[in-house]
>>> print(open('start10.txt').read())   # compact mmCIF, C-alpha atoms
# COMPACT_ATOMS: atom_id res chain seq x y z
CA MET T 104 0.00 0.00 0.00
CA CYS T 105 1.24 3.45 -0.88
CA MET T 106 -0.16 5.55 1.92
CA ASP T 107 2.79 7.64 2.96
CA LEU T 108 2.05 10.21 5.63
CA ASP T 109 4.41 12.69 7.22
CA PHE T 110 4.72 11.53 10.82
CA LYS T 111 7.92 13.50 11.41
CA LYS T 112 6.48 16.95 12.13
CA MET T 113 4.71 15.93 15.32
CA ASP T 114 6.84 13.28 17.04
CA GLY T 115 5.40 10.37 15.10
CA LEU T 116 1.80 11.59 15.01
CA VAL T 117 -0.60 13.07 12.49
CA THR T 118 -3.76 14.99 13.31
CA ALA T 119 -7.02 13.18 12.58
CA VAL T 120 -10.21 15.21 12.17
CA ILE T 121 -13.34 13.09 12.60
CA GLN T 122 -16.39 14.26 10.68
CA ASP T 123 -19.87 12.72 10.54
CA HIS T 124 -20.27 11.51 6.95
CA ALA T 125 -23.95 12.39 6.82
CA SER T 126 -24.41 15.56 8.89
CA LYS T 127 -20.85 16.84 8.19
CA ARG T 128 -20.55 17.84 11.82
CA VAL T 129 -16.96 17.73 13.11
CA LEU T 130 -17.10 15.32 16.03
CA MET T 131 -13.60 15.28 17.46
CA VAL T 132 -9.89 15.70 16.78
CA GLY T 133 -7.43 12.99 17.70
CA PHE T 134 -3.93 11.88 16.83
CA MET T 135 -2.68 8.76 15.09
CA ASN T 136 0.74 7.22 14.93
CA GLU T 137 1.57 4.90 12.07
CA GLU T 138 0.19 1.84 13.86
CA ALA T 139 -3.08 3.58 14.79
CA PHE T 140 -3.50 4.69 11.19
CA ARG T 141 -2.85 1.17 9.91
CA LYS T 142 -5.34 -0.31 12.37
CA THR T 143 -7.92 2.28 11.37
CA VAL T 144 -7.54 1.32 7.73
CA GLU T 145 -7.44 -2.42 8.36
CA THR T 146 -10.30 -2.67 10.86
CA GLY T 147 -12.53 0.10 9.53
CA PHE T 148 -12.86 1.59 13.02
CA ALA T 149 -11.06 4.73 14.09
CA THR T 150 -8.10 4.00 16.35
CA PHE T 151 -6.04 6.79 17.88
CA PHE T 152 -2.83 7.19 19.81
CA SER T 153 -3.60 8.57 23.23
CA ARG T 154 -0.98 11.10 24.21
CA SER T 155 -2.08 11.09 27.85
CA ARG T 156 -2.08 7.29 28.18
CA ASN T 157 0.78 6.80 25.70
CA LYS T 158 -0.89 3.88 23.94
CA LEU T 159 -3.24 2.92 21.12
CA TRP T 160 -6.86 3.63 21.79
CA LEU T 161 -9.72 2.08 19.86
CA LYS T 162 -12.39 4.77 20.10
CA GLY T 163 -15.40 3.14 21.75
CA GLU T 164 -13.48 0.35 23.47
CA THR T 165 -15.14 1.32 26.78
CA SER T 166 -18.34 3.03 25.67
CA GLY T 167 -19.13 0.95 22.60
CA HIS T 168 -19.41 4.24 20.69
CA ARG T 169 -17.17 3.22 17.81
CA LEU T 170 -16.49 5.26 14.70
CA ALA T 171 -17.08 3.27 11.52
CA VAL T 172 -14.86 4.67 8.78
CA LYS T 173 -16.57 5.71 5.54
CA GLU T 174 -13.84 7.67 3.79
CA ILE T 175 -10.30 8.89 4.51
CA SER T 176 -8.61 11.95 3.00
CA THR T 177 -5.23 13.52 3.61
CA ASP T 178 -4.07 17.08 3.11
CA CYS T 179 -1.48 18.74 0.92
CA ASP T 180 1.29 18.20 3.48
CA ARG T 181 0.18 14.66 4.30
CA ASP T 182 0.39 15.44 7.99
CA ALA T 183 -3.34 15.53 8.68
CA LEU T 184 -6.24 13.16 8.03
CA LEU T 185 -9.91 13.87 7.51
CA ILE T 186 -11.95 10.81 8.33
CA GLN T 187 -15.64 10.60 7.48
CA VAL T 188 -17.38 8.24 9.88
CA GLU T 189 -20.67 6.83 10.96
CA ALA T 190 -20.69 7.34 14.72
CA LEU T 191 -22.15 4.32 16.50
CA GLY T 192 -23.95 5.48 19.63
CA PRO T 193 -25.44 8.78 20.74
CA GLY T 194 -22.25 10.79 21.08
CA VAL T 195 -18.48 10.69 20.69
CA CYS T 196 -17.53 12.95 23.61
CA HIS T 197 -16.73 11.31 26.93
CA GLU T 198 -18.55 14.20 28.58
CA GLY T 199 -21.84 13.03 27.06
CA TYR T 200 -22.16 15.26 24.02
CA GLN T 201 -22.69 14.33 20.38
CA SER T 202 -19.51 16.21 19.44
CA CYS T 203 -16.49 17.16 21.53
CA PHE T 204 -16.97 20.67 20.13
CA PHE T 205 -19.91 21.49 22.40
CA ARG T 206 -18.58 24.86 23.60
CA ARG T 207 -19.01 27.92 21.42
CA MET T 208 -17.46 31.31 21.85
CA ASP T 209 -20.13 33.79 22.78
CA ASP T 210 -19.26 37.35 23.68
CA GLY T 211 -15.71 36.46 24.71
CA GLU T 212 -16.62 33.37 26.75
CA TRP T 213 -16.97 29.68 26.05
CA ARG T 214 -20.56 28.59 26.53
CA VAL T 215 -22.01 25.09 26.28
CA SER T 216 -24.12 25.29 23.13
CA GLU T 217 -26.08 22.03 23.22
CA GLU T 218 -27.69 19.43 25.46
CA ARG T 219 -25.97 16.21 26.47
CA ALA T 220 -26.85 13.26 24.21
CA TYR T 221 -26.27 10.62 26.89
CA ASP T 222 -25.32 10.24 30.54
CA PRO T 223 -21.54 9.72 30.67
CA GLY T 224 -21.73 8.33 34.22
CA ALA T 225 -23.98 5.50 33.05
CA VAL T 226 -21.78 4.70 30.05
CA TYR T 227 -18.32 5.03 31.54
CA GLY T 228 -19.17 4.17 35.15
CA GLY T 229 -16.77 6.72 36.51
CA LYS T 230 -14.00 5.79 34.07
CA PRO T 231 -13.87 8.65 31.59
CA MET V 148 -12.24 37.64 28.30
CA CYS V 149 -12.43 34.15 29.70
CA MET V 150 -11.23 32.04 26.80
CA ASP V 151 -8.80 29.66 28.44
CA LEU V 152 -7.32 27.06 26.14
CA ASP V 153 -4.84 24.33 26.97
CA PHE V 154 -1.70 25.32 25.09
CA LYS V 155 0.53 23.06 27.19
CA LYS V 156 -0.03 19.70 25.46
CA MET V 157 1.55 20.74 22.17
CA ASP V 158 4.41 23.13 22.94
CA GLY V 159 2.23 26.23 23.09
CA LEU V 160 -0.11 25.32 20.22
CA VAL V 161 -3.67 24.14 19.78
CA THR V 162 -5.07 22.45 16.69
CA ALA V 163 -7.46 24.56 14.60
CA VAL V 164 -9.85 22.82 12.22
CA ILE V 165 -11.20 25.15 9.56
CA GLN V 166 -14.68 24.33 8.24
CA ASP V 167 -16.73 26.15 5.60
CA HIS V 168 -19.71 27.54 7.50
CA ALA V 169 -22.10 26.96 4.60
CA SER V 170 -21.00 23.75 2.86
CA LYS V 171 -19.53 22.24 6.08
CA ARG V 172 -16.53 21.06 4.09
CA VAL V 173 -13.35 20.83 6.17
CA LEU V 174 -10.90 23.11 4.39
CA MET V 175 -7.66 22.80 6.34
CA VAL V 176 -6.04 22.12 9.68
CA GLY V 177 -3.61 24.58 11.21
CA PHE V 178 -2.10 25.42 14.55
CA MET V 179 -2.50 28.49 16.73
CA ASN V 180 -0.44 29.74 19.60
CA GLU V 181 -2.03 32.11 22.08
CA GLU V 182 -1.18 35.20 20.01
CA ALA V 183 -2.55 33.69 16.79
CA PHE V 184 -5.76 32.78 18.57
CA ARG V 185 -6.08 36.28 20.02
CA LYS V 186 -5.49 37.86 16.62
CA THR V 187 -8.05 35.53 15.04
CA VAL V 188 -10.66 36.60 17.58
CA GLU V 189 -9.76 40.30 17.45
CA THR V 190 -9.47 40.68 13.68
CA GLY V 191 -12.10 38.16 12.58
CA PHE V 192 -9.65 36.57 10.14
CA ALA V 193 -7.97 33.24 10.82
CA THR V 194 -4.33 33.62 11.84
CA PHE V 195 -2.11 30.63 12.44
CA PHE V 196 1.30 29.88 13.82
CA SER V 197 3.47 28.43 11.09
CA ARG V 198 5.62 25.65 12.50
CA SER V 199 7.85 25.60 9.42
CA ARG V 200 8.42 29.37 9.36
CA ASN V 201 8.19 29.73 13.16
CA LYS V 202 6.04 32.86 13.01
CA LEU V 203 2.47 34.11 12.87
CA TRP V 204 0.77 33.66 9.56
CA LEU V 205 -2.36 35.52 8.51
CA LYS V 206 -3.98 33.05 6.14
CA GLY V 207 -4.34 34.86 2.82
CA GLU V 208 -1.58 37.41 3.42
CA THR V 209 -0.03 36.44 0.05
CA SER V 210 -2.97 35.05 -1.90
CA GLY V 211 -5.71 37.31 -0.58
CA HIS V 212 -7.67 34.15 0.22
CA ARG V 213 -8.54 35.10 3.77
CA LEU V 214 -10.77 33.13 6.09
CA ALA V 215 -13.51 35.29 7.63
CA VAL V 216 -14.48 33.84 10.99
CA LYS V 217 -18.16 33.07 11.54
CA GLU V 218 -18.10 30.95 14.69
CA ILE V 219 -15.50 29.43 17.02
CA SER V 220 -15.95 26.31 19.14
CA THR V 221 -13.57 24.43 21.42
CA ASP V 222 -13.55 20.81 22.50
CA CYS V 223 -13.88 19.03 25.83
CA ASP V 224 -10.14 19.24 26.51
CA ARG V 225 -9.87 22.83 25.28
CA ASP V 226 -6.85 21.89 23.18
CA ALA V 227 -8.55 22.09 19.78
CA LEU V 228 -10.60 24.70 17.97
CA LEU V 229 -13.28 24.31 15.33
CA ILE V 230 -13.57 27.51 13.32
CA GLN V 231 -16.46 28.04 10.91
CA VAL V 232 -15.40 30.43 8.18
CA GLU V 233 -16.38 32.08 4.97
CA ALA V 234 -13.45 31.41 2.65
CA LEU V 235 -12.64 34.46 0.54
CA GLY V 236 -11.33 33.33 -2.82
CA PRO V 237 -11.60 30.10 -4.81
CA GLY V 238 -9.57 27.83 -2.57
CA VAL V 239 -7.62 27.65 0.69
CA CYS V 240 -4.94 25.21 -0.42
CA HIS V 241 -1.66 26.64 -1.71
CA GLU V 242 -1.68 23.83 -4.28
CA GLY V 243 -4.76 25.33 -5.93
CA TYR V 244 -7.55 23.24 -4.44
CA GLN V 245 -10.70 24.36 -2.65
CA SER V 246 -9.70 22.29 0.38
CA CYS V 247 -6.30 21.01 1.50
CA PHE V 248 -7.99 17.60 1.80
CA PHE V 249 -8.01 16.93 -1.92
CA ARG V 250 -6.52 13.42 -1.74
CA ARG V 251 -8.76 10.50 -0.89
CA MET V 252 -7.76 6.98 -0.04
CA ASP V 253 -8.82 4.67 -2.83
CA ASP V 254 -7.86 1.01 -2.83
CA GLY V 255 -4.85 1.60 -0.60
CA GLU V 256 -3.53 4.66 -2.41
CA TRP V 257 -3.99 8.40 -2.13
CA ARG V 258 -5.67 9.76 -5.23
CA VAL V 259 -6.46 13.36 -6.09
CA SER V 260 -10.24 13.46 -5.88
CA GLU V 261 -11.09 16.86 -7.36
CA GLU V 262 -10.05 19.48 -9.89
CA ARG V 263 -7.97 22.51 -9.00
CA ALA V 264 -10.03 25.61 -8.21
CA TYR V 265 -7.35 28.10 -9.25
CA ASP V 266 -3.83 28.24 -10.67
CA PRO V 267 -1.42 28.45 -7.73
CA GLY V 268 1.39 29.72 -9.96
CA ALA V 269 -0.65 32.76 -10.93
CA VAL V 270 -1.66 33.50 -7.34
CA TYR V 271 1.57 32.82 -5.48
CA GLY V 272 4.02 33.58 -8.30
CA GLY V 273 6.32 30.78 -7.27
CA LYS V 274 6.08 31.59 -3.57
CA PRO V 275 3.97 28.79 -2.10
>>> encode(input="start10.txt", output="structure tokens")
Amino acid sequence: MCMDLDFKKMDGLVTAVIQDHASKRVLMVGFMNEEAFRKTVETGFATFFSRSRNKLWLKGETSGHRLAVKEISTDCDRDALLIQVEALGPGVCHEGYQSCFFRRMDDGEWRVSEERAYDPGAVYGGKP
Amino acid sequence: MCMDLDFKKMDGLVTAVIQDHASKRVLMVGFMNEEAFRKTVETGFATFFSRSRNKLWLKGETSGHRLAVKEISTDCDRDALLIQVEALGPGVCHEGYQSCFFRRMDDGEWRVSEERAYDPGAVYGGKP
């Protein structure tokens, strides 16, 4: 497979923007190392590299809210990915929202701009 | 203004996803340090921090293809921005495409998936 990406600019990672393939809403931003990218392509489910936990992270491994890959694009510099997905489950954000981008700037302050889509306590059981 | 962002995770930068406010197409991904973010908010035009040139970069300063900010959101971790824009000009990509994400994965290879929207040589005059 010829799928060269530039992992050098960011210590072995590329940025991955996750967009809902139907609504076009941007759901989250994560990072992938080469292995996470390969697993994403091979399994068809978005897999990231968690910088905080320093390991691969299959999105939805705890919540079941997986991201089924529909289409993958890369940018001019090949250091970013745009991944169109079908989000399985009510929301991708561990705080209970449909999208991680649930805070909008309003008059110089961040304000929560939508309702929660699910109860994160019930899904994660205190393990966000 | 209370607009705290977490600039610590990525050496003083946050990721900024640029999305067309009307078509919802993701146009590019850039990075902002605190000054670039402040300038973006104050001027209403997206300003990035260029990692390759190590300085602030008003998108469109050469091409005229500025990004007029319509709405700014941040994510749960406050280390990424989603910026809805009106893109002034035919394309945001310095290679001549409407979006920097003009290559799609197709059967294990990256393939250009659209036509150029403008001639980058005419716009940048050899200064990409």
>>> interface_residues(input="start10.txt", of="chain V", to="chain T", cutoff="6 Å", atoms="all atoms listed in the file", output="PyMOL selection string")
chain V and resi 148-150+171+219-223+247-248+250-252+255-256
>>> atom_distance(input="start10.txt", atom1="atom CA of V:Glu233", atom2="atom CA of V:Asp266")
20.4 Å
>>> atom_distance(input="start10.txt", atom1="atom CA of V:Leu235", atom2="atom CA of V:Thr187")
15.2 Å
>>> residues_around(input="start10.txt", residues="T:Gly115", least_positions_apart="6", cutoff="9 Å", atoms="all atoms listed in the file", output="ChimeraX atom specification")
/T:109,135-137
>>> closest_residue(input="start10.txt", among="T:Thr146, T:Val195, T:Ala125, T:Val117", to="T:Thr165", atoms="all atoms listed in the file")
T:Val195
>>> atom_distance(input="start10.txt", atom1="atom CA of T:Lys162", atom2="atom CA of T:Ala149")
6.2 Å
>>> closest_residue(input="start10.txt", among="T:Leu159, T:Ala225, T:Ile121, T:Leu170", to="T:Ala139", atoms="all atoms listed in the file")
T:Leu159
>>> closest_residue(input="start10.txt", among="T:Leu161, T:Ser153, T:Gly199, T:Gly147", to="T:Lys173", atoms="all atoms listed in the file")
T:Gly147
